[in-house]
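As stored in model29.txt (compact mmCIF, C-alpha atoms and all ligand atoms):
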# COMPACT_ATOMS: atom_id res chain seq x y z
CA MET A 43 0.00 0.00 0.00
CA ILE A 44 1.27 3.47 -0.80
CA ASN A 45 2.35 5.48 2.22
CA LEU A 46 3.46 9.06 1.63
CA GLU A 47 4.43 9.86 5.21
CA THR A 48 8.04 11.02 5.44
CA PRO A 49 9.90 7.90 6.61
CA ARG A 50 11.48 8.33 10.04
CA LYS A 51 14.90 7.32 8.69
CA PHE A 52 14.94 10.34 6.35
CA ARG A 53 13.88 12.97 8.87
CA ALA A 54 17.36 13.85 10.13
CA PHE A 55 18.66 14.06 6.56
CA ILE A 56 15.79 16.31 5.47
CA ASN A 57 16.31 18.58 8.49
CA GLN A 58 19.94 18.81 7.53
CA ALA A 59 19.02 19.74 3.94
CA HIS A 60 16.70 22.43 5.29
CA GLN A 61 19.43 23.80 7.52
CA VAL A 62 21.85 23.98 4.58
CA ALA A 63 19.20 25.70 2.48
CA ALA A 64 18.50 28.23 5.24
CA GLU A 65 22.09 28.95 6.21
CA MET A 66 24.00 28.58 2.97
CA LEU A 67 21.75 28.72 -0.11
CA ARG A 68 19.24 31.40 0.90
CA PRO A 69 21.88 33.88 2.15
CA ASN A 70 23.77 33.55 -1.16
CA SER A 71 20.69 33.57 -3.35
CA ARG A 72 20.65 37.22 -4.39
CA ARG A 73 24.42 37.40 -4.71
CA TYR A 74 24.65 34.74 -7.43
CA ASP A 75 21.47 35.94 -9.09
CA LEU A 76 23.23 39.27 -9.65
CA ALA A 77 26.69 37.77 -10.36
CA GLU A 78 25.59 35.54 -13.23
CA HIS A 79 28.30 33.07 -14.38
CA GLU A 80 30.37 33.52 -11.20
CA TYR A 81 31.10 30.10 -9.70
CA PRO A 82 29.40 29.67 -6.29
CA VAL A 83 32.47 28.50 -4.35
CA GLU A 84 30.36 27.78 -1.26
CA LEU A 85 28.98 24.75 -3.09
CA ASP A 86 32.30 22.88 -3.06
CA MET A 87 32.12 22.46 0.70
CA LEU A 88 28.46 21.52 0.48
CA ALA A 89 29.14 18.92 -2.20
CA ALA A 90 31.80 17.31 0.00
CA LEU A 91 29.21 17.13 2.79
CA VAL A 92 26.66 15.51 0.48
CA ASP A 93 29.28 13.01 -0.75
CA GLY A 94 29.98 12.13 2.87
CA LEU A 95 26.30 11.60 3.60
CA GLY A 96 25.97 9.36 0.54
CA ALA A 97 29.03 7.34 1.50
CA SER A 98 27.74 6.81 5.02
CA GLY A 99 24.38 5.65 3.68
CA ASN A 100 22.56 8.49 5.44
CA GLY A 101 21.09 10.04 2.34
CA ALA A 102 20.75 9.66 -1.37
CA GLY A 103 22.23 12.98 -2.32
CA ALA A 104 20.74 16.40 -2.71
CA GLY A 105 20.21 16.00 -6.40
CA ALA A 106 20.20 13.30 -8.96
CA SER A 107 22.71 10.78 -7.79
CA GLY A 108 20.51 8.37 -5.95
CA VAL A 109 17.75 7.47 -8.33
CA ARG A 110 18.56 3.93 -9.42
CA ARG A 111 15.52 1.69 -9.18
CA THR A 112 15.18 -1.18 -6.75
CA ALA A 113 15.31 -4.52 -8.46
CA SER A 114 12.18 -6.17 -7.20
CA ALA A 115 8.54 -5.09 -7.25
CA ASP A 116 8.02 -7.15 -4.07
CA GLU A 117 10.45 -5.08 -2.14
CA VAL A 118 8.39 -2.18 -0.75
CA VAL A 119 10.80 0.50 0.42
CA ASN A 120 10.92 4.23 0.74
CA GLY A 121 14.18 4.52 -1.07
CA SER A 122 16.45 6.83 -2.90
CA ASN A 123 13.89 8.50 -5.18
CA LEU A 124 11.72 9.56 -2.25
CA SER A 125 14.72 10.73 -0.27
CA SER A 126 16.00 12.67 -3.32
CA VAL A 127 12.71 14.49 -3.94
CA LEU A 128 12.32 15.35 -0.26
CA SER A 129 15.82 16.77 0.02
CA ILE A 130 15.50 18.63 -3.31
CA MET A 131 12.31 20.28 -2.03
CA GLU A 132 14.27 21.59 0.96
CA MET A 133 17.25 22.73 -1.10
CA CYS A 134 15.01 24.52 -3.62
CA TRP A 135 13.20 26.23 -0.78
CA GLY A 136 16.71 27.69 -0.42
CA ASP A 137 17.64 28.30 -4.08
CA VAL A 138 16.90 26.43 -7.31
CA GLY A 139 19.83 27.84 -9.29
CA LEU A 140 22.33 26.89 -6.59
CA LEU A 141 20.86 23.39 -6.30
CA LEU A 142 21.31 22.99 -10.06
CA SER A 143 24.96 24.00 -9.61
CA MET A 144 25.77 21.36 -7.01
CA PRO A 145 28.82 19.36 -8.09
CA ARG A 146 28.11 15.69 -8.91
CA GLN A 147 24.33 16.17 -8.68
CA GLY A 148 23.56 16.95 -12.33
CA LEU A 149 20.71 15.65 -14.45
CA GLY A 150 23.32 13.64 -16.34
CA ASN A 151 24.06 11.84 -13.07
CA SER A 152 20.43 10.83 -12.98
CA ALA A 153 20.70 9.45 -16.53
CA ILE A 154 23.75 7.44 -15.50
CA ALA A 155 21.99 6.16 -12.39
CA SER A 156 18.95 5.19 -14.47
CA VAL A 157 20.45 3.31 -17.39
CA ALA A 158 24.16 2.61 -16.80
CA SER A 159 25.45 -0.94 -16.38
CA ASP A 160 27.02 -1.85 -13.02
CA GLU A 161 30.47 -1.51 -14.57
CA GLN A 162 29.62 1.97 -15.92
CA LEU A 163 28.18 2.99 -12.56
CA ARG A 164 31.50 2.16 -10.93
CA ARG A 165 33.52 3.86 -13.69
CA PHE A 166 31.48 7.09 -13.59
CA ALA A 167 31.18 7.27 -9.80
CA GLY A 168 32.08 10.76 -8.60
CA VAL A 169 31.75 12.31 -12.07
CA TRP A 170 29.63 15.49 -12.32
CA ALA A 171 27.50 15.02 -15.43
CA GLY A 172 25.30 17.49 -17.31
CA MET A 173 22.59 16.35 -19.72
CA ALA A 174 22.76 17.33 -23.40
CA ILE A 175 19.62 16.54 -25.38
CA THR A 176 18.41 19.87 -26.81
CA GLU A 177 19.76 21.09 -30.18
CA PRO A 178 19.15 24.26 -32.21
CA GLY A 179 16.51 22.43 -34.26
CA CYS A 180 15.22 19.99 -31.67
CA GLY A 181 13.72 20.54 -28.19
CA SER A 182 10.38 19.00 -27.33
CA ASP A 183 10.66 16.65 -30.29
CA SER A 184 13.60 14.75 -28.81
CA ALA A 185 13.20 11.94 -31.37
CA ASN A 186 14.49 14.39 -33.98
CA ILE A 187 18.08 14.46 -32.68
CA GLN A 188 20.57 15.43 -35.40
CA THR A 189 23.83 14.86 -33.49
CA THR A 190 25.41 11.72 -34.91
CA ALA A 191 27.49 8.93 -33.35
CA ARG A 192 29.45 6.82 -35.84
CA LEU A 193 31.18 3.62 -34.72
CA ASP A 194 34.85 3.67 -35.73
CA GLY A 195 36.82 0.74 -34.30
CA ASP A 196 36.41 0.79 -30.52
CA HIS A 197 35.22 4.42 -30.44
CA TYR A 198 32.11 6.37 -31.38
CA VAL A 199 32.71 9.62 -33.24
CA LEU A 200 30.26 12.37 -32.25
CA ASP A 201 29.35 15.36 -34.42
CA GLY A 202 26.72 18.00 -33.66
CA GLU A 203 25.70 20.89 -31.43
CA LYS A 204 23.90 20.87 -28.08
CA ILE A 205 22.34 23.98 -26.55
CA PHE A 206 21.08 24.96 -23.09
CA VAL A 207 23.09 22.35 -21.22
CA THR A 208 22.56 22.99 -17.50
CA ALA A 209 25.92 23.03 -15.65
CA GLY A 210 27.49 22.50 -19.09
CA GLY A 211 30.36 24.88 -18.36
CA ARG A 212 31.19 23.52 -14.92
CA CYS A 213 30.49 19.78 -15.05
CA ASP A 214 33.13 17.08 -15.68
CA ALA A 215 31.20 15.22 -18.40
CA VAL A 216 28.03 15.45 -20.45
CA VAL A 217 25.53 12.72 -21.22
CA VAL A 218 24.90 13.33 -24.92
CA TRP A 219 21.97 12.01 -26.94
CA ALA A 220 23.03 11.14 -30.47
CA THR A 221 21.72 8.98 -33.29
CA LEU A 222 23.55 5.93 -34.64
CA ASN A 223 21.56 6.13 -37.87
CA LYS A 224 19.21 9.01 -38.78
CA SER A 225 17.21 6.87 -41.19
CA LEU A 226 16.15 4.57 -38.32
CA GLY A 227 14.45 7.39 -36.38
CA ARG A 228 14.03 7.25 -32.63
CA ALA A 229 15.16 3.61 -32.29
CA ALA A 230 18.74 4.59 -33.13
CA ILE A 231 19.06 7.31 -30.45
CA LYS A 232 21.55 6.44 -27.72
CA SER A 233 23.19 8.33 -24.88
CA PHE A 234 26.95 8.65 -24.40
CA VAL A 235 29.00 9.86 -21.45
CA VAL A 236 31.50 12.34 -22.89
CA PRO A 237 34.20 13.69 -20.54
CA LYS A 238 34.60 17.44 -21.01
CA ASP A 239 38.32 17.17 -21.78
CA THR A 240 37.68 14.92 -24.80
CA PRO A 241 39.31 16.46 -27.92
CA GLY A 242 36.59 17.72 -30.27
CA LEU A 243 34.30 18.91 -27.45
CA THR A 244 34.09 22.71 -27.17
CA VAL A 245 32.03 24.80 -24.75
CA GLU A 246 31.08 27.63 -27.08
CA ARG A 247 29.21 30.05 -24.85
CA LEU A 248 27.11 30.56 -21.71
CA GLU A 249 23.57 31.98 -21.82
CA HIS A 250 22.23 35.04 -20.00
CA LYS A 251 18.87 34.07 -18.53
CA LEU A 252 15.61 35.23 -16.93
CA GLY A 253 16.01 33.04 -13.83
CA ILE A 254 18.20 30.39 -12.17
CA ARG A 255 21.07 32.73 -12.96
CA ALA A 256 23.37 30.96 -10.46
CA SER A 257 23.23 27.96 -12.79
CA ASP A 258 25.38 28.06 -15.92
CA THR A 259 23.74 27.06 -19.20
CA ALA A 260 26.09 26.17 -22.05
CA THR A 261 26.24 25.58 -25.78
CA ILE A 262 28.54 22.65 -26.53
CA ARG A 263 29.86 21.66 -29.96
CA PHE A 264 31.12 18.19 -30.91
CA GLU A 265 33.42 17.90 -33.90
CA ASN A 266 35.01 14.57 -34.68
CA CYS A 267 34.77 13.89 -30.95
CA ARG A 268 35.97 10.33 -30.21
CA VAL A 269 34.41 8.58 -27.22
CA PRO A 270 35.29 5.03 -26.07
CA ALA A 271 32.56 2.61 -27.21
CA GLU A 272 32.04 1.50 -23.59
CA ASN A 273 30.76 5.02 -22.79
CA LEU A 274 27.48 4.29 -24.58
CA LEU A 275 24.99 4.04 -21.72
CA GLY A 276 22.91 0.88 -21.51
CA SER A 277 22.45 -1.35 -24.53
CA ALA A 278 23.96 -0.57 -27.96
CA SER A 279 21.22 -2.64 -29.59
CA ILE A 280 18.93 -0.75 -31.96
CA ASP A 281 16.06 -3.08 -30.92
CA ARG A 282 16.22 -1.72 -27.39
CA GLY A 283 15.42 1.58 -29.03
CA PHE A 284 14.25 4.84 -27.58
CA ALA A 285 12.74 3.35 -24.42
CA GLY A 286 16.16 3.10 -22.78
CA VAL A 287 17.02 6.78 -23.05
CA MET A 288 13.43 7.89 -22.35
CA GLN A 289 13.49 5.92 -19.08
CA THR A 290 15.70 8.67 -17.69
CA PHE A 291 12.75 11.07 -17.72
CA ASP A 292 10.72 8.84 -15.39
CA ASN A 293 13.42 9.53 -12.82
CA THR A 294 14.24 13.16 -13.57
CA ARG A 295 10.71 14.55 -13.92
CA PRO A 296 9.83 13.91 -10.25
CA LEU A 297 13.10 15.66 -9.34
CA VAL A 298 12.13 18.75 -11.34
CA ALA A 299 8.63 18.60 -9.82
CA ALA A 300 10.33 18.58 -6.39
CA MET A 301 12.29 21.72 -7.35
CA ALA A 302 8.99 23.42 -8.19
CA VAL A 303 7.37 22.31 -4.94
CA GLY A 304 10.31 23.66 -2.91
CA CYS A 305 10.42 27.01 -4.72
CA ALA A 306 6.65 27.49 -4.41
CA ARG A 307 6.75 26.72 -0.70
CA ALA A 308 9.37 29.43 -0.21
CA SER A 309 7.04 31.95 -1.87
CA LEU A 310 4.03 30.81 0.15
CA GLU A 311 5.83 31.03 3.48
CA LEU A 312 7.23 34.50 2.88
CA THR A 313 3.91 35.77 1.54
CA ARG A 314 2.07 34.45 4.56
CA SER A 315 4.39 36.30 6.93
CA LEU A 316 4.12 39.50 4.84
CA LEU A 317 0.33 39.20 4.90
CA ALA A 318 0.41 38.69 8.68
CA GLU A 319 2.57 41.81 9.07
CA ALA A 320 -0.04 43.67 7.02
CA GLY A 321 -2.78 42.43 9.36
CA VAL A 322 -4.17 39.69 7.11
CA ASP A 323 -4.29 36.38 8.99
CA VAL A 324 -5.03 33.12 7.22
CA ASP A 325 -7.64 31.25 9.27
CA TYR A 326 -8.04 27.51 8.67
CA ASP A 327 -11.15 27.30 10.85
CA ARG A 328 -13.29 29.78 8.96
CA PRO A 329 -14.93 29.37 5.54
CA VAL A 330 -12.86 30.91 2.78
CA HIS A 331 -15.66 33.21 1.62
CA LEU A 332 -15.71 34.90 5.04
CA GLN A 333 -12.01 35.76 4.90
CA PRO A 334 -10.21 38.69 3.24
CA ALA A 335 -9.61 38.15 -0.48
CA ALA A 336 -5.83 37.89 0.07
CA ALA A 337 -6.30 35.13 2.66
CA ALA A 338 -8.75 33.27 0.39
CA SER A 339 -6.28 33.53 -2.46
CA TYR A 340 -3.52 32.21 -0.21
CA LEU A 341 -5.61 29.21 0.84
CA ALA A 342 -6.39 28.34 -2.78
CA MET A 343 -2.68 28.43 -3.60
CA GLU A 344 -1.84 26.25 -0.63
CA SER A 345 -4.29 23.54 -1.68
CA ASP A 346 -2.87 23.56 -5.20
CA TRP A 347 0.60 23.26 -3.71
CA GLU A 348 -0.48 20.26 -1.61
CA ALA A 349 -1.72 18.46 -4.74
CA ALA A 350 1.61 19.08 -6.48
CA TYR A 351 3.50 17.87 -3.42
CA LEU A 352 1.53 14.63 -3.15
CA LEU A 353 1.80 13.85 -6.88
CA THR A 354 5.55 14.32 -6.65
CA LEU A 355 5.87 11.95 -3.72
CA GLN A 356 3.69 9.41 -5.50
CA ALA A 357 5.86 9.43 -8.65
CA ALA A 358 9.03 9.00 -6.59
CA TRP A 359 7.51 6.31 -4.37
CA MET A 360 6.48 4.30 -7.43
CA ALA A 361 10.01 4.51 -8.85
CA ASP A 362 11.39 3.23 -5.56
CA ASN A 363 8.98 0.33 -5.69
CA ALA A 364 9.73 -0.69 -9.28
CA ALA A 365 6.24 0.36 -10.43
CA PRO A 366 6.03 1.92 -13.94
CA ASN A 367 5.60 5.64 -13.25
CA SER A 368 5.79 7.45 -16.61
CA LEU A 369 2.21 8.69 -16.24
CA GLN A 370 2.68 9.80 -12.64
CA ALA A 371 6.08 11.39 -13.37
CA SER A 372 4.50 13.53 -16.11
CA MET A 373 1.45 14.34 -13.97
CA ALA A 374 3.70 15.46 -11.12
CA LYS A 375 5.92 17.54 -13.42
CA ALA A 376 2.93 19.18 -15.15
CA LYS A 377 1.08 19.97 -11.93
CA ALA A 378 4.13 21.10 -9.95
CA GLY A 379 5.63 23.20 -12.77
CA ARG A 380 2.36 24.99 -13.50
CA THR A 381 1.52 25.43 -9.82
CA ALA A 382 4.94 26.88 -9.01
CA ASN A 383 4.61 29.39 -11.87
CA ASP A 384 1.12 30.39 -10.71
CA ILE A 385 1.98 30.59 -7.01
CA THR A 386 5.23 32.52 -7.31
CA LEU A 387 3.67 35.12 -9.63
CA ARG A 388 0.53 35.43 -7.51
CA CYS A 389 2.71 35.92 -4.42
CA VAL A 390 4.47 38.81 -6.18
CA GLU A 391 1.04 40.29 -6.78
CA LEU A 392 -0.21 39.78 -3.22
CA ALA A 393 2.91 41.35 -1.73
CA GLY A 394 2.55 44.47 -3.92
CA THR A 395 5.66 46.64 -4.22
CA LEU A 396 7.55 44.36 -1.82
CA GLY A 397 6.84 41.49 -4.15
CA TYR A 398 8.18 43.24 -7.23
CA SER A 399 11.29 44.80 -5.72
CA GLU A 400 14.65 43.24 -4.90
CA HIS A 401 14.08 43.81 -1.17
CA GLU A 402 12.56 40.37 -1.04
CA LEU A 403 13.22 37.20 -3.06
CA LEU A 404 9.63 36.89 -4.29
CA GLU A 405 10.38 38.41 -7.71
CA LYS A 406 13.41 36.10 -8.05
CA TRP A 407 11.39 33.01 -7.22
CA ALA A 408 8.85 34.00 -9.90
CA ARG A 409 11.71 34.20 -12.42
CA ASP A 410 13.41 31.02 -11.17
CA SER A 411 10.26 28.93 -11.24
CA LYS A 412 9.55 29.52 -14.95
CA ILE A 413 12.19 27.05 -16.10
CA LEU A 414 10.64 24.29 -13.99
CA ASP A 415 7.67 24.27 -16.34
CA ILE A 416 9.97 24.11 -19.38
CA PHE A 417 13.00 21.82 -19.03
CA GLU A 418 12.74 18.04 -18.84
CA GLY A 419 9.62 18.46 -21.00
CA THR A 420 7.35 21.52 -21.15
CA GLN A 421 3.86 21.79 -19.66
CA GLN A 422 2.32 21.03 -23.06
CA ILE A 423 4.52 17.98 -23.58
CA GLN A 424 3.67 16.57 -20.14
CA GLN A 425 -0.03 17.00 -20.91
CA LEU A 426 0.48 15.23 -24.22
CA ILE A 427 2.20 12.30 -22.47
CA VAL A 428 -0.55 12.09 -19.85
CA ALA A 429 -3.21 12.11 -22.58
CA ARG A 430 -1.41 9.37 -24.55
CA ARG A 431 -1.10 7.18 -21.47
CA LEU A 432 -4.71 7.64 -20.40
CA LEU A 433 -6.11 7.11 -23.90
CA GLY A 434 -3.75 4.28 -24.81
CA LYS A 435 -2.41 6.16 -27.87
CA THR A 436 1.09 5.99 -29.30
CA SER A 437 3.16 9.10 -30.04
CA ALA A 438 2.37 8.60 -33.73
CA GLU A 439 -1.39 8.55 -33.01
CA LEU A 440 -1.46 11.61 -30.73
CA LYS A 441 1.02 14.42 -31.57
C1 LIG B 1 17.54 27.43 -18.47
C2 LIG B 1 17.39 26.22 -19.33
C3 LIG B 1 18.07 25.05 -19.00
C4 LIG B 1 17.97 23.93 -19.80
N1 LIG B 1 18.71 22.82 -19.48
C5 LIG B 1 18.74 21.78 -20.35
C6 LIG B 1 19.64 20.68 -20.15
O1 LIG B 1 20.34 20.57 -19.15
N2 LIG B 1 19.69 19.72 -21.11
C7 LIG B 1 18.92 19.76 -22.24
O2 LIG B 1 19.03 18.88 -23.06
N3 LIG B 1 18.05 20.78 -22.45
C8 LIG B 1 17.95 21.79 -21.54
N4 LIG B 1 17.09 22.84 -21.77
C9 LIG B 1 16.25 22.85 -22.95
C10 LIG B 1 14.80 22.53 -22.63
O3 LIG B 1 14.68 21.19 -22.25
C11 LIG B 1 13.98 22.89 -23.86
O4 LIG B 1 13.95 24.30 -23.94
C12 LIG B 1 12.57 22.35 -23.82
O5 LIG B 1 12.57 20.96 -23.92
C13 LIG B 1 11.68 22.91 -24.94
O6 LIG B 1 12.30 22.79 -26.16
P1 LIG B 1 12.43 24.06 -27.13
O7 LIG B 1 13.00 25.18 -26.32
O8 LIG B 1 13.14 23.64 -28.36
O9 LIG B 1 10.94 24.47 -27.48
P2 LIG B 1 9.99 23.83 -28.59
O10 LIG B 1 10.05 22.34 -28.54
O11 LIG B 1 10.28 24.48 -29.88
O12 LIG B 1 8.59 24.29 -28.05
C14 LIG B 1 8.13 25.65 -28.13
C15 LIG B 1 6.71 25.68 -27.56
O13 LIG B 1 5.85 24.78 -28.32
C16 LIG B 1 5.24 23.83 -27.46
N5 LIG B 1 5.12 22.55 -28.15
C17 LIG B 1 6.11 21.86 -28.77
N6 LIG B 1 5.62 20.70 -29.27
C18 LIG B 1 4.31 20.64 -28.94
C19 LIG B 1 3.26 19.69 -29.16
N7 LIG B 1 3.48 18.54 -29.81
N8 LIG B 1 2.03 19.97 -28.67
C20 LIG B 1 1.79 21.13 -27.99
N9 LIG B 1 2.75 22.08 -27.76
C21 LIG B 1 3.98 21.82 -28.22
C22 LIG B 1 6.16 23.72 -26.27
O14 LIG B 1 5.49 23.26 -25.11
C23 LIG B 1 6.65 25.16 -26.11
O15 LIG B 1 5.71 25.91 -25.40
C24 LIG B 1 17.14 23.96 -20.95
C25 LIG B 1 16.42 25.11 -21.25
C26 LIG B 1 16.54 26.23 -20.49
C27 LIG B 1 15.76 27.47 -20.85

Re-express the file's structure as structure tokens.
Amino acid sequence: MINLETPRKFRAFINQAHQVAAEMLRPNSRRYDLAEHEYPVELDMLAALVDGLGASGNGAGAGASGVRRTASADEVVNGSNLSSVLSIMEMCWGDVGLLLSMPRQGLGNSAIASVASDEQLRRFAGVWAGMAITEPGCGSDSANIQTTARLDGDHYVLDGEKIFVTAGGRCDAVVVWATLNKSLGRAAIKSFVVPKDTPGLTVERLEHKLGIRASDTATIRFENCRVPAENLLGSASIDRGFAGVMQTFDNTRPLVAAMAVGCARASLELTRSLLAEAGVDVDYDRPVHLQPAAAASYLAMESDWEAAYLLTLQAAWMADNAAPNSLQASMAKAKAGRTANDITLRCVELAGTLGYSEHELLEKWARDSKILDIFEGTQQIQQLIVARRLLGKTSAELK
């Protein structure tokens, strides 16, 4: 039976994540928002702490490292996916951009954890990996990848361009989606771990962005870039097809939903205290229609937030229990992304001039949250996936 209570064994770890968010991420939030592209040195110490927690078995990491599935559907555990989403919620209550800049906690690490063989897991342990799917001509339609991987002896040769790679400037390696044969369509798309110092890999530029400005976002070019054949993640077989690489999303979408839940909670909490200072108290014992409009609006946001929170836990819990969760992962991502956008912007509105100015972080959270409804599949794409799953349609039948 599903149980979404926070397991006792995670409570100390989650408290620790909250403390780090409150004492290290939040105080540095505005600084790295203004100093875009400056490396947040504070994160090195934090990453060492997270590594230590992982090594001692006390936590699954603050980001993407601990999302490998349990082997057996009989084994009901609250495992690494649940612990990851809960700690990410806390860290993103602190700062989303800084969480995305945490060494060794990249979305590429999640891809490795999801589909790597045991040998690859050992070989790539401790590597900080970004995720490179998007190209100038291909975003939502990830089956349309143009970057090629050609087998040449015991190496693959990669050619193409990837854009908007989160942590692409700072990470040690990128997990690159490339096609073995364009004429075979999606079945020939595979992912490759490419160390950043591989000849033929060039970081071309970093983007200037609306939000998550603490996180670097890179364009990376591959020209005659030779990668050992054993760096292809999972199976090289064309039959195995697209499902292998797509499986990554079932793990990463709940993580992005968790980022949205954490960021929205930050906005709600600050707004509630600002409303209280202005004499507007939120009363849970009185009907909403008898309360001030601002309090009623706050209560509506909070219930939306709760739904996003529970969907996120459900998607992670299913992954931990070896239950197929593509539908729930997309539901969680769609609900949490949209809700975080709505809540953070509405909080700016409710807080008036305080909400819009840099005196508070409300305006920043509204900017930061936007990406959470875009990357790892936009709102529209999540809705499309949910519709396909519910209606039993293939991607060819429902576009
Ligand atoms: C800050 C930032 C960080 C990012 N980090 C990464 C990263 O680490 N790795 C990576 O690979 N990518 C990354 N991305 C890219 C991101 O995943 C893409 O921007 C996203 O998938 C959308 O692709 P697109 O921008 O090409 O938009 P498009 O696919 O061109 O879509 C444009 C609009 O059309 C809508 N649309 C598209 N197809 C359909 C459809 N079939 N039905 C209905 N509506 C549709 C979309 O929802 C969207 O609103 C990042 C982007 C940003 C902004």

Counting all atoms listed in the file, the option among A:Met66, A:Leu440, A:Ala365, A:Ile44 closest to ligand LIG 1 (chain B)
A:Leu440

CA of Ser279 (chain A) and CA of Glu161 (chain A) are how many Å apart?
17.7 Å

Just the residues within 8 Å of Ala215 (chain A), please, counting all atoms listed in the file, with nothing from its chain fewer than 4 positions along; format it as JSON, numbers by chain.
{"A": [169, 170, 171, 172, 235, 236, 237, 238]}

Here is a test: counting all atoms listed in the file, which residue of A:Leu433, A:Ala220, A:Ala364, A:Val207 is nearest to ligand LIG 1 (chain B)?
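That would be A:Val207, the residue with the smallest distance to ligand LIG 1 (chain B).
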
Taking all atoms listed in the file into account, name the residue in A:Ile187, A:Ala357, A:Leu392, A:Ala335 that is nearest to ligand LIG 1 (chain B).
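Of A:Ile187, A:Ala357, A:Leu392, A:Ala335, the one nearest ligand LIG 1 (chain B), counting all atoms listed in the file, is A:Ile187.
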
Quick one: contact table of chain A to ligand LIG 1 (chain B), 8 Å max, nearest atom pair and distance in Å to one decimal per residue, counting all atoms listed in the file, chain and number order, as CSV?
residue,atom,partner,partner_atom,distance
A:Leu149,CA,B:LIG1,O1,6.8
A:Gly172,CA,B:LIG1,O1,6.1
A:Met173,CA,B:LIG1,N2,4.7
A:Ala174,CA,B:LIG1,O2,4.1
A:Ile175,CA,B:LIG1,O2,3.3
A:Thr176,CA,B:LIG1,O2,3.9
A:Glu177,CA,B:LIG1,O8,7.3
A:Pro178,CA,B:LIG1,O8,7.2
A:Gly179,CA,B:LIG1,O8,6.9
A:Cys180,CA,B:LIG1,O8,5.3
A:Gly181,CA,B:LIG1,O8,3.2
A:Ser182,CA,B:LIG1,O10,3.6
A:Asp183,CA,B:LIG1,O10,6.0
A:Ser184,CA,B:LIG1,O5,8.0
A:Lys204,CA,B:LIG1,O2,7.3
A:Ile205,CA,B:LIG1,N3,6.7
A:Phe206,CA,B:LIG1,C24,4.6
A:Val207,CA,B:LIG1,O1,3.9
A:Thr208,CA,B:LIG1,O1,3.7
A:Ala209,CA,B:LIG1,O1,7.0
A:Gly210,CA,B:LIG1,O1,7.4
A:Lys251,CA,B:LIG1,C1,6.8
A:Gly253,CA,B:LIG1,C1,7.4
A:Ile254,CA,B:LIG1,C1,7.0
A:Thr259,CA,B:LIG1,C3,6.0
A:Ile413,CA,B:LIG1,C1,5.9
A:Ile416,CA,B:LIG1,C12,5.4
A:Phe417,CA,B:LIG1,O3,3.7
A:Glu418,CA,B:LIG1,O3,5.0
A:Gly419,CA,B:LIG1,O5,4.8
A:Thr420,CA,B:LIG1,O14,4.7
A:Gln421,CA,B:LIG1,O14,5.9
A:Gln422,CA,B:LIG1,O14,4.4
A:Ile423,CA,B:LIG1,O14,5.6
A:Leu426,CA,B:LIG1,N8,6.7
A:Lys441,CA,B:LIG1,N7,5.1

Output C-alpha atoms for every residue in that selection, as a PDB file, keeping the file's coordinate frame.
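Produced file part_30.pdb, reproduced below:
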ATOM      1  CA  LEU A 149      20.710  15.650 -14.450  1.00  0.00           C
ATOM      2  CA  GLY A 172      25.300  17.490 -17.310  1.00  0.00           C
ATOM      3  CA  MET A 173      22.590  16.350 -19.720  1.00  0.00           C
ATOM      4  CA  ALA A 174      22.760  17.330 -23.400  1.00  0.00           C
ATOM      5  CA  ILE A 175      19.620  16.540 -25.380  1.00  0.00           C
ATOM      6  CA  THR A 176      18.410  19.870 -26.810  1.00  0.00           C
ATOM      7  CA  GLU A 177      19.760  21.090 -30.180  1.00  0.00           C
ATOM      8  CA  PRO A 178      19.150  24.260 -32.210  1.00  0.00           C
ATOM      9  CA  GLY A 179      16.510  22.430 -34.260  1.00  0.00           C
ATOM     10  CA  CYS A 180      15.220  19.990 -31.670  1.00  0.00           C
ATOM     11  CA  GLY A 181      13.720  20.540 -28.190  1.00  0.00           C
ATOM     12  CA  SER A 182      10.380  19.000 -27.330  1.00  0.00           C
ATOM     13  CA  ASP A 183      10.660  16.650 -30.290  1.00  0.00           C
ATOM     14  CA  SER A 184      13.600  14.750 -28.810  1.00  0.00           C
ATOM     15  CA  LYS A 204      23.900  20.870 -28.080  1.00  0.00           C
ATOM     16  CA  ILE A 205      22.340  23.980 -26.550  1.00  0.00           C
ATOM     17  CA  PHE A 206      21.080  24.960 -23.090  1.00  0.00           C
ATOM     18  CA  VAL A 207      23.090  22.350 -21.220  1.00  0.00           C
ATOM     19  CA  THR A 208      22.560  22.990 -17.500  1.00  0.00           C
ATOM     20  CA  ALA A 209      25.920  23.030 -15.650  1.00  0.00           C
ATOM     21  CA  GLY A 210      27.490  22.500 -19.090  1.00  0.00           C
ATOM     22  CA  LYS A 251      18.870  34.070 -18.530  1.00  0.00           C
ATOM     23  CA  GLY A 253      16.010  33.040 -13.830  1.00  0.00           C
ATOM     24  CA  ILE A 254      18.200  30.390 -12.170  1.00  0.00           C
ATOM     25  CA  THR A 259      23.740  27.060 -19.200  1.00  0.00           C
ATOM     26  CA  ILE A 413      12.190  27.050 -16.100  1.00  0.00           C
ATOM     27  CA  ILE A 416       9.970  24.110 -19.380  1.00  0.00           C
ATOM     28  CA  PHE A 417      13.000  21.820 -19.030  1.00  0.00           C
ATOM     29  CA  GLU A 418      12.740  18.040 -18.840  1.00  0.00           C
ATOM     30  CA  GLY A 419       9.620  18.460 -21.000  1.00  0.00           C
ATOM     31  CA  THR A 420       7.350  21.520 -21.150  1.00  0.00           C
ATOM     32  CA  GLN A 421       3.860  21.790 -19.660  1.00  0.00           C
ATOM     33  CA  GLN A 422       2.320  21.030 -23.060  1.00  0.00           C
ATOM     34  CA  ILE A 423       4.520  17.980 -23.580  1.00  0.00           C
ATOM     35  CA  LEU A 426       0.480  15.230 -24.220  1.00  0.00           C
ATOM     36  CA  LYS A 441       1.020  14.420 -31.570  1.00  0.00           C
TER      37      LYS A 441
END
